[in-house]
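Student: Pasting a structure below so you can have a look.
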Amino acid sequence: ALRLRVQARGGQLRRRDARIEIDGADEVLLLLAAATSYRAPDDVGGDPLEITRRQLAAAAAKSWPELRQAHEAAHRALFERVHIDLGRSDPALAALPTDARVARFADADDPELAALYHQFGRYLLICSSRPGTQPANLQGIWNDL
């Protein structure tokens with residue numbers, strides 16, 4: 001199950017068919033909750049609708065700064081275990097937007113972009129494998145699929 005709550009400050013928020021339209025908002029907060037019925041290999045009796053309802057209610061009770069602070073605190077201890085320094089990138093290259101840096105990566109040495117991707121991968125893995133949830137699935141050479 002997947003639930004989305006949209007909170008807009010200022011402006012107009014409308015639902016039209018399968019769309020959400022937001023006009024003139026000063027700020028928009030998207031809260032997303034996802035769950036399955038899976039609890040264990042022999043137990044798929046979870047209630048994903050109830051789980052996502054509770055998750056969204058808990059998130060909606062907090063402000064964006066509170067949500068961000070809690071997120072950072074939950075990940076900081078794990079994230080700060082590793083520091084990677086692959087060297088410095090050319091300042092002109094480092095000033096480019098990330099998509100332009102990625103497009104040039106094969107032809108231009110950009111060690112700071114490589115370090116950024118390493119940290120991004122770690123962040124995704126940390127976020128996807130939290131206590132009380134299922135671990136991230138194996139990827140790459142470890143996955144026969």
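Residue numbering restarts at 1 in every chain; chains get A, B, ... in the order shown in the structure tokens, and ligands count up from 1 in that same order.
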Which residues are near segment 67-77 of chain A? Cut-off 12 Å, only C-alpha atoms, ignore same chain within fewer than 2 positions. Put them as a list of chain:residue names.
Tutor: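 Once the adjacent positions are removed, what remains is A:Leu29, A:Leu30, A:Leu31, A:Leu56, A:Ala58, A:Ala59, A:Ala60, A:Ala61, A:Lys62, A:Ser63, A:Trp64, A:Pro65, A:Phe79, A:Glu80, A:Arg81, A:Val82, A:Arg122, A:Tyr123, A:Leu124, A:Leu125, A:Ile126, A:Cys127, A:Ser128, A:Ser129, A:Arg130, A:Pro131.
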Student: Write out as a VMD selection string each polymer residue whose atoms come within 12 Å of Gly87 of chain A, counting only C-alpha atoms; drop sequence neighbours fewer than 6 positions from it.
Tutor: chain A and resid 109 to 116
Student: Create the file for the chosen residues now, containing C-alpha atoms and written as a tab-separated table (two decimals), in the first residue's frame.
Tutor:
```tsv
chain	number	residue	atom	x	y	z
A	109	ASP	CA	38.49	13.14	-13.86
A	110	ASP	CA	35.98	14.15	-11.16
A	111	PRO	CA	36.95	12.47	-7.87
A	112	GLU	CA	34.55	14.59	-5.81
A	113	LEU	CA	31.64	13.32	-7.94
A	114	ALA	CA	32.79	9.73	-7.38
A	115	ALA	CA	32.89	10.39	-3.62
A	116	LEU	CA	29.44	11.98	-3.79
```
Student: Could you tell me how far atom CA of Gln119 of chain A sits from atom CA of Leu86 of chain A, in Å to one decimal place?
Tutor: 12.0 Å
Student: Tell me which of A:Ile22, A:Asp17, A:Ala108, A:Thr133 sits closest to Ala92 of chain A, counting only C-alpha atoms.
Tutor: A:Ala108
Student: Nearest to Asp47 of chain A among A:Leu93, A:Val28, A:Ala1, A:Val6, with distances taken over only C-alpha atoms: which residue is it?
Tutor: A:Ala1
Student: So what do you get for atom CA of Ala25 of chain A versus atom CA of Ala8 of chain A, distance-wise?
Tutor: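 So the answer is 6.1 Å.
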Student: According to DSSP computed on the backbone, where in segment 20-91 of chain A is there alpha helix (DSSP H)? Give the residues as an NGL selection string.
Tutor: :A and (48-60 or 64-79 or 91)
Student: Now that the selection is made, can you save its residues with C-alpha atoms as a PDB file, in the first residue's frame?
Tutor:
```pdb
ATOM      1  CA  PRO A  48      -0.465  -2.298   4.999  1.00  0.00           C
ATOM      2  CA  LEU A  49      -3.386   0.143   4.893  1.00  0.00           C
ATOM      3  CA  GLU A  50      -3.334   0.498   8.680  1.00  0.00           C
ATOM      4  CA  ILE A  51       0.455   0.690   8.789  1.00  0.00           C
ATOM      5  CA  THR A  52       0.560   3.504   6.228  1.00  0.00           C
ATOM      6  CA  ARG A  53      -2.322   5.312   7.945  1.00  0.00           C
ATOM      7  CA  ARG A  54      -0.386   5.322  11.234  1.00  0.00           C
ATOM      8  CA  GLN A  55       2.864   6.333   9.527  1.00  0.00           C
ATOM      9  CA  LEU A  56       1.230   9.299   7.797  1.00  0.00           C
ATOM     10  CA  ALA A  57      -0.598  10.404  10.932  1.00  0.00           C
ATOM     11  CA  ALA A  58       2.662  10.362  12.899  1.00  0.00           C
ATOM     12  CA  ALA A  59       4.522  12.297  10.200  1.00  0.00           C
ATOM     13  CA  ALA A  60       1.726  14.835   9.720  1.00  0.00           C
ATOM     14  CA  TRP A  64       9.148  19.816   8.369  1.00  0.00           C
ATOM     15  CA  PRO A  65      12.058  20.935  10.616  1.00  0.00           C
ATOM     16  CA  GLU A  66      11.100  18.265  13.181  1.00  0.00           C
ATOM     17  CA  LEU A  67      10.891  15.570  10.489  1.00  0.00           C
ATOM     18  CA  ARG A  68      14.257  16.570   9.026  1.00  0.00           C
ATOM     19  CA  GLN A  69      15.929  16.710  12.436  1.00  0.00           C
ATOM     20  CA  ALA A  70      14.615  13.245  13.351  1.00  0.00           C
ATOM     21  CA  HIS A  71      15.733  11.860   9.966  1.00  0.00           C
ATOM     22  CA  GLU A  72      19.226  13.296  10.317  1.00  0.00           C
ATOM     23  CA  ALA A  73      19.583  12.065  13.904  1.00  0.00           C
ATOM     24  CA  ALA A  74      18.466   8.547  12.942  1.00  0.00           C
ATOM     25  CA  HIS A  75      21.071   8.296  10.184  1.00  0.00           C
ATOM     26  CA  ARG A  76      23.971  10.392  11.473  1.00  0.00           C
ATOM     27  CA  ALA A  77      25.610   7.718  13.639  1.00  0.00           C
ATOM     28  CA  LEU A  78      25.719   5.255  10.748  1.00  0.00           C
ATOM     29  CA  PHE A  79      26.545   7.786   8.071  1.00  0.00           C
ATOM     30  CA  PRO A  91      36.947  23.824  -9.601  1.00  0.00           C
TER      31      PRO A  91
END
```
Student: Quick one: DSSP strand (DSSP E) residues in chain A, as an MDAnalysis selection string?
Tutor: chainID A and resid 2:9 12:16 19:23 27:34
Student: Store the residues picked out above in a file with N, CA and C atoms, as a PDB file, in the first residue's frame.
Tutor:
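Just written: result-v7.pdb:
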```pdb
ATOM      1  N   LEU A   2       0.402   2.250  -0.623  1.00  0.00           N
ATOM      2  CA  LEU A   2       1.122   3.517  -0.705  1.00  0.00           C
ATOM      3  C   LEU A   2       0.137   4.629  -0.423  1.00  0.00           C
ATOM      4  N   ARG A   3       0.513   5.525   0.467  1.00  0.00           N
ATOM      5  CA  ARG A   3      -0.326   6.691   0.768  1.00  0.00           C
ATOM      6  C   ARG A   3       0.514   7.940   0.606  1.00  0.00           C
ATOM      7  N   LEU A   4      -0.131   8.982   0.115  1.00  0.00           N
ATOM      8  CA  LEU A   4       0.521  10.273  -0.056  1.00  0.00           C
ATOM      9  C   LEU A   4      -0.351  11.335   0.579  1.00  0.00           C
ATOM     10  N   ARG A   5       0.265  12.181   1.378  1.00  0.00           N
ATOM     11  CA  ARG A   5      -0.433  13.341   1.930  1.00  0.00           C
ATOM     12  C   ARG A   5       0.314  14.574   1.434  1.00  0.00           C
ATOM     13  N   VAL A   6      -0.440  15.518   0.903  1.00  0.00           N
ATOM     14  CA  VAL A   6       0.135  16.761   0.395  1.00  0.00           C
ATOM     15  C   VAL A   6      -0.318  17.890   1.306  1.00  0.00           C
ATOM     16  N   GLN A   7       0.641  18.623   1.834  1.00  0.00           N
ATOM     17  CA  GLN A   7       0.339  19.767   2.687  1.00  0.00           C
ATOM     18  C   GLN A   7       0.928  21.008   2.027  1.00  0.00           C
ATOM     19  N   ALA A   8       0.072  21.963   1.718  1.00  0.00           N
ATOM     20  CA  ALA A   8       0.524  23.197   1.077  1.00  0.00           C
ATOM     21  C   ALA A   8       0.306  24.364   2.023  1.00  0.00           C
ATOM     22  N   ARG A   9       1.280  25.250   2.064  1.00  0.00           N
ATOM     23  CA  ARG A   9       1.136  26.481   2.841  1.00  0.00           C
ATOM     24  C   ARG A   9       0.927  27.607   1.842  1.00  0.00           C
ATOM     25  N   GLN A  12      -3.421  27.394  -3.575  1.00  0.00           N
ATOM     26  CA  GLN A  12      -4.575  26.509  -3.761  1.00  0.00           C
ATOM     27  C   GLN A  12      -4.101  25.075  -3.960  1.00  0.00           C
ATOM     28  N   LEU A  13      -4.797  24.150  -3.322  1.00  0.00           N
ATOM     29  CA  LEU A  13      -4.523  22.730  -3.464  1.00  0.00           C
ATOM     30  C   LEU A  13      -5.814  22.066  -3.916  1.00  0.00           C
ATOM     31  N   ARG A  14      -5.760  21.395  -5.093  1.00  0.00           N
ATOM     32  CA  ARG A  14      -6.959  20.754  -5.642  1.00  0.00           C
ATOM     33  C   ARG A  14      -6.622  19.347  -6.132  1.00  0.00           C
ATOM     34  N   ARG A  15      -7.614  18.453  -5.974  1.00  0.00           N
ATOM     35  CA  ARG A  15      -7.522  17.131  -6.590  1.00  0.00           C
ATOM     36  C   ARG A  15      -8.415  17.135  -7.813  1.00  0.00           C
ATOM     37  N   ARG A  16      -7.859  16.720  -8.932  1.00  0.00           N
ATOM     38  CA  ARG A  16      -8.625  16.617 -10.180  1.00  0.00           C
ATOM     39  C   ARG A  16      -8.319  15.271 -10.809  1.00  0.00           C
ATOM     40  N   ARG A  19      -4.964  13.595 -10.511  1.00  0.00           N
ATOM     41  CA  ARG A  19      -3.903  14.598 -10.362  1.00  0.00           C
ATOM     42  C   ARG A  19      -4.103  15.418  -9.096  1.00  0.00           C
ATOM     43  N   ILE A  20      -3.007  15.974  -8.646  1.00  0.00           N
ATOM     44  CA  ILE A  20      -3.032  16.968  -7.576  1.00  0.00           C
ATOM     45  C   ILE A  20      -2.480  18.245  -8.181  1.00  0.00           C
ATOM     46  N   GLU A  21      -3.232  19.324  -8.059  1.00  0.00           N
ATOM     47  CA  GLU A  21      -2.793  20.612  -8.595  1.00  0.00           C
ATOM     48  C   GLU A  21      -2.530  21.570  -7.442  1.00  0.00           C
ATOM     49  N   ILE A  22      -1.395  22.221  -7.504  1.00  0.00           N
ATOM     50  CA  ILE A  22      -1.008  23.193  -6.489  1.00  0.00           C
ATOM     51  C   ILE A  22      -0.635  24.477  -7.211  1.00  0.00           C
ATOM     52  N   ASP A  23      -1.318  25.555  -6.854  1.00  0.00           N
ATOM     53  CA  ASP A  23      -1.049  26.853  -7.478  1.00  0.00           C
ATOM     54  C   ASP A  23      -0.711  27.880  -6.409  1.00  0.00           C
ATOM     55  N   GLU A  27       4.945  26.900   0.118  1.00  0.00           N
ATOM     56  CA  GLU A  27       5.662  25.712   0.557  1.00  0.00           C
ATOM     57  C   GLU A  27       4.761  24.501   0.354  1.00  0.00           C
ATOM     58  N   VAL A  28       5.347  23.389  -0.079  1.00  0.00           N
ATOM     59  CA  VAL A  28       4.599  22.141  -0.240  1.00  0.00           C
ATOM     60  C   VAL A  28       5.400  21.029   0.432  1.00  0.00           C
ATOM     61  N   LEU A  29       4.733  20.263   1.261  1.00  0.00           N
ATOM     62  CA  LEU A  29       5.349  19.126   1.927  1.00  0.00           C
ATOM     63  C   LEU A  29       4.627  17.871   1.455  1.00  0.00           C
ATOM     64  N   LEU A  30       5.388  16.933   0.885  1.00  0.00           N
ATOM     65  CA  LEU A  30       4.842  15.649   0.443  1.00  0.00           C
ATOM     66  C   LEU A  30       5.245  14.592   1.464  1.00  0.00           C
ATOM     67  N   LEU A  31       4.267  13.957   2.057  1.00  0.00           N
ATOM     68  CA  LEU A  31       4.506  12.876   3.007  1.00  0.00           C
ATOM     69  C   LEU A  31       4.082  11.574   2.338  1.00  0.00           C
ATOM     70  N   LEU A  32       4.993  10.625   2.262  1.00  0.00           N
ATOM     71  CA  LEU A  32       4.746   9.371   1.569  1.00  0.00           C
ATOM     72  C   LEU A  32       4.980   8.219   2.540  1.00  0.00           C
ATOM     73  N   ALA A  33       4.046   7.294   2.587  1.00  0.00           N
ATOM     74  CA  ALA A  33       4.188   6.099   3.425  1.00  0.00           C
ATOM     75  C   ALA A  33       3.923   4.878   2.558  1.00  0.00           C
ATOM     76  N   ALA A  34       4.737   3.849   2.742  1.00  0.00           N
ATOM     77  CA  ALA A  34       4.578   2.619   1.972  1.00  0.00           C
ATOM     78  C   ALA A  34       4.743   1.425   2.905  1.00  0.00           C
TER      79      ALA A  34
END
```
